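Pasting run.cif here (mmCIF, C-alpha atoms; chains and numbers go by the auth columns):
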```cif
data_run
loop_
_atom_site.group_PDB
_atom_site.id
_atom_site.type_symbol
_atom_site.label_atom_id
_atom_site.label_comp_id
_atom_site.label_asym_id
_atom_site.label_seq_id
_atom_site.Cartn_x
_atom_site.Cartn_y
_atom_site.Cartn_z
_atom_site.B_iso_or_equiv
_atom_site.auth_seq_id
_atom_site.auth_asym_id
ATOM 1 C CA MET A 1 80.128 96.283 65.926 0.00 24 A
ATOM 2 C CA GLU A 2 82.480 93.315 65.704 0.00 25 A
ATOM 3 C CA ASN A 3 85.320 95.560 64.499 0.00 26 A
ATOM 4 C CA ASP A 4 84.765 97.832 67.516 0.00 27 A
ATOM 5 C CA ASP A 5 84.968 94.789 69.783 0.00 28 A
ATOM 6 C CA ASN A 6 88.214 93.685 68.131 0.00 29 A
ATOM 7 C CA GLU A 7 89.696 97.160 68.538 0.00 30 A
ATOM 8 C CA SER A 8 88.696 97.166 72.222 0.00 31 A
ATOM 9 C CA ILE A 9 90.469 93.839 72.698 0.00 32 A
ATOM 10 C CA VAL A 10 93.595 95.159 70.955 0.00 33 A
ATOM 11 C CA ILE A 11 93.561 98.288 73.126 0.00 34 A
ATOM 12 C CA MET A 12 93.273 96.219 76.313 0.00 35 A
ATOM 13 C CA LEU A 13 96.095 93.944 75.149 0.00 36 A
ATOM 14 C CA VAL A 14 98.356 96.921 74.376 0.00 37 A
ATOM 15 C CA GLN A 15 97.571 98.452 77.794 0.00 38 A
ATOM 16 C CA GLN A 16 98.444 95.203 79.593 0.00 39 A
ATOM 17 C CA TYR A 17 101.589 94.781 77.507 0.00 40 A
ATOM 18 C CA ALA A 18 102.709 98.380 78.101 0.00 41 A
ATOM 19 C CA ALA A 19 102.112 98.074 81.839 0.00 42 A
ATOM 20 C CA ARG A 20 104.366 95.009 81.958 0.00 43 A
ATOM 21 C CA PHE A 21 107.045 95.768 79.359 0.00 44 A
ATOM 22 C CA GLY A 22 106.663 99.426 78.460 0.00 45 A
ATOM 23 C CA ILE A 23 106.340 100.334 74.807 0.00 46 A
ATOM 24 C CA THR A 24 109.123 98.415 73.107 0.00 47 A
ATOM 25 C CA PHE A 25 108.197 98.752 69.438 0.00 48 A
ATOM 26 C CA SER A 26 107.156 101.534 67.059 0.00 49 A
ATOM 27 C CA SER A 27 103.526 102.598 66.889 0.00 50 A
ATOM 28 C CA ARG A 28 103.856 102.216 63.096 0.00 51 A
ATOM 29 C CA ALA A 29 103.285 98.508 63.711 0.00 52 A
ATOM 30 C CA MET A 30 99.622 99.199 64.396 0.00 53 A
ATOM 31 C CA GLU A 31 99.074 101.059 61.101 0.00 54 A
ATOM 32 C CA VAL A 32 99.366 98.067 58.742 0.00 55 A
ATOM 33 C CA GLU A 33 96.934 95.196 59.324 0.00 56 A
ATOM 34 C CA THR A 34 99.420 92.354 58.783 0.00 57 A
ATOM 35 C CA THR A 35 102.011 93.932 61.074 0.00 58 A
ATOM 36 C CA LYS A 36 99.281 94.701 63.613 0.00 59 A
ATOM 37 C CA GLN A 37 98.207 91.049 63.632 0.00 60 A
ATOM 38 C CA LYS A 38 101.807 89.934 64.166 0.00 61 A
ATOM 39 C CA ALA A 39 102.240 92.487 66.971 0.00 62 A
ATOM 40 C CA VAL A 40 99.063 91.280 68.683 0.00 63 A
ATOM 41 C CA GLN A 41 100.254 87.667 68.461 0.00 64 A
ATOM 42 C CA LEU A 42 103.709 88.479 69.827 0.00 65 A
ATOM 43 C CA MET A 43 102.318 90.684 72.627 0.00 66 A
ATOM 44 C CA SER A 44 100.001 87.831 73.630 0.00 67 A
ATOM 45 C CA GLU A 45 102.942 85.420 73.722 0.00 68 A
ATOM 46 C CA ALA A 46 104.981 87.891 75.781 0.00 69 A
ATOM 47 C CA LEU A 47 102.177 88.358 78.307 0.00 70 A
ATOM 48 C CA ALA A 48 101.826 84.568 78.558 0.00 71 A
ATOM 49 C CA GLY A 49 105.544 84.303 79.368 0.00 72 A
ATOM 50 C CA ARG A 50 106.443 82.447 76.166 0.00 73 A
ATOM 51 C CA ARG A 51 108.769 85.189 74.908 0.00 74 A
ATOM 52 C CA GLY A 52 110.317 88.485 75.904 0.00 75 A
ATOM 53 C CA ALA A 53 109.359 91.994 74.893 0.00 76 A
ATOM 54 C CA VAL A 54 108.444 92.657 71.259 0.00 77 A
ATOM 55 C CA THR A 55 110.863 94.781 69.241 0.00 78 A
ATOM 56 C CA ASP A 56 110.761 96.525 65.864 0.00 79 A
ATOM 57 C CA GLU A 57 113.102 93.773 64.602 0.00 80 A
ATOM 58 C CA ASP A 58 110.558 91.112 65.577 0.00 81 A
ATOM 59 C CA LEU A 59 107.978 92.949 63.479 0.00 82 A
ATOM 60 C CA GLY A 60 110.256 93.617 60.525 0.00 83 A
ATOM 61 C CA LEU A 61 110.159 97.399 61.017 0.00 84 A
#
```
Would you mind writing the structure in this file as structure tokens?
Amino acid sequence: MENDDNESIVIMLVQQYAARFGITFSSRAMEVETTKQKAVQLMSEALAGRRGAVTDEDLGL
């Protein structure tokens, strides 16, 4: 159940991020757990106004 909750949080974060910035990085980022974690962190920072949109370069893609 906890994994489902985490996925729901990630989905909500991606929806909020996409509404504000559009999709600015490859969906491949969400396929590898370490890259996914980095993407989630950077999207959170972007939504908080601490950085701009996340790019493939930011994620090493």
A:Leu70, A:Leu82, A:Val55, A:Val77: which is nearest A:Arg43, counting all atoms listed in the file?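 For A:Arg43, the nearest of the candidates is A:Leu70.
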Counting all atoms listed in the file, which residues come within 7 Å of (102.2, 92.0, 75.2), with the point read in the file's coordinates, and could you list them as a ChimeraX atom specification? /A:36-37,39-40,65-70
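Between A:Gly45 and the candidates A:Gln64, A:Lys59, A:Asn29, A:Thr78, the tightest atom-to-atom separation, counting only C-alpha atoms, involves A:Thr78.
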So, counting all atoms listed in the file, which residue among A:Ser31, A:Ala62, A:Ala71, A:Glu80 is closest to A:Ser50? A:Ala62
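The gap separating atom CA of A:Asp81 from atom CA of A:Lys61 is 8.9 Å, in Å to one decimal.
Among the candidates A:Glu56, A:Val63, A:Asp28, A:Thr47, the residue lying nearest to A:Asp79 is A:Thr47 (atoms considered: only C-alpha atoms).
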Show me, as lines of an AutoDock Vina configuration file, the centre and edge lengths in Å to one decimal of the axis-aligned box that covers every listed atom of stretch 39-54 of chain A with 3 Å on each side.
```
center_x = 103.8
center_y = 98.7
center_z = 71.5
size_x = 16.7
size_y = 13.8
size_z = 26.9
```
Which residue is closest to A:Thr57? Choose from A:Ile34, A:Asn26, A:Gly83, A:Gly75 and count all atoms listed in the file.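 Closest residue, counting all atoms listed in the file: A:Gly83.
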Quick one, how far is atom CA of A:Glu30 from atom CA of A:Arg73?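 Atom CA of A:Glu30 sits 23.6 Å away from atom CA of A:Arg73.
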Interatomic distance, atom CA of A:Ala41 to atom CA of A:Ala76 (Å, one decimal):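 Those two atoms sit 9.8 Å apart.
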Minimum-distance residue to A:Val33, chosen among A:Gly72, A:Arg51, A:Ile46, A:Gln60 (using all atoms listed in the file):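 Smallest distance to A:Val33 is found for A:Gln60.
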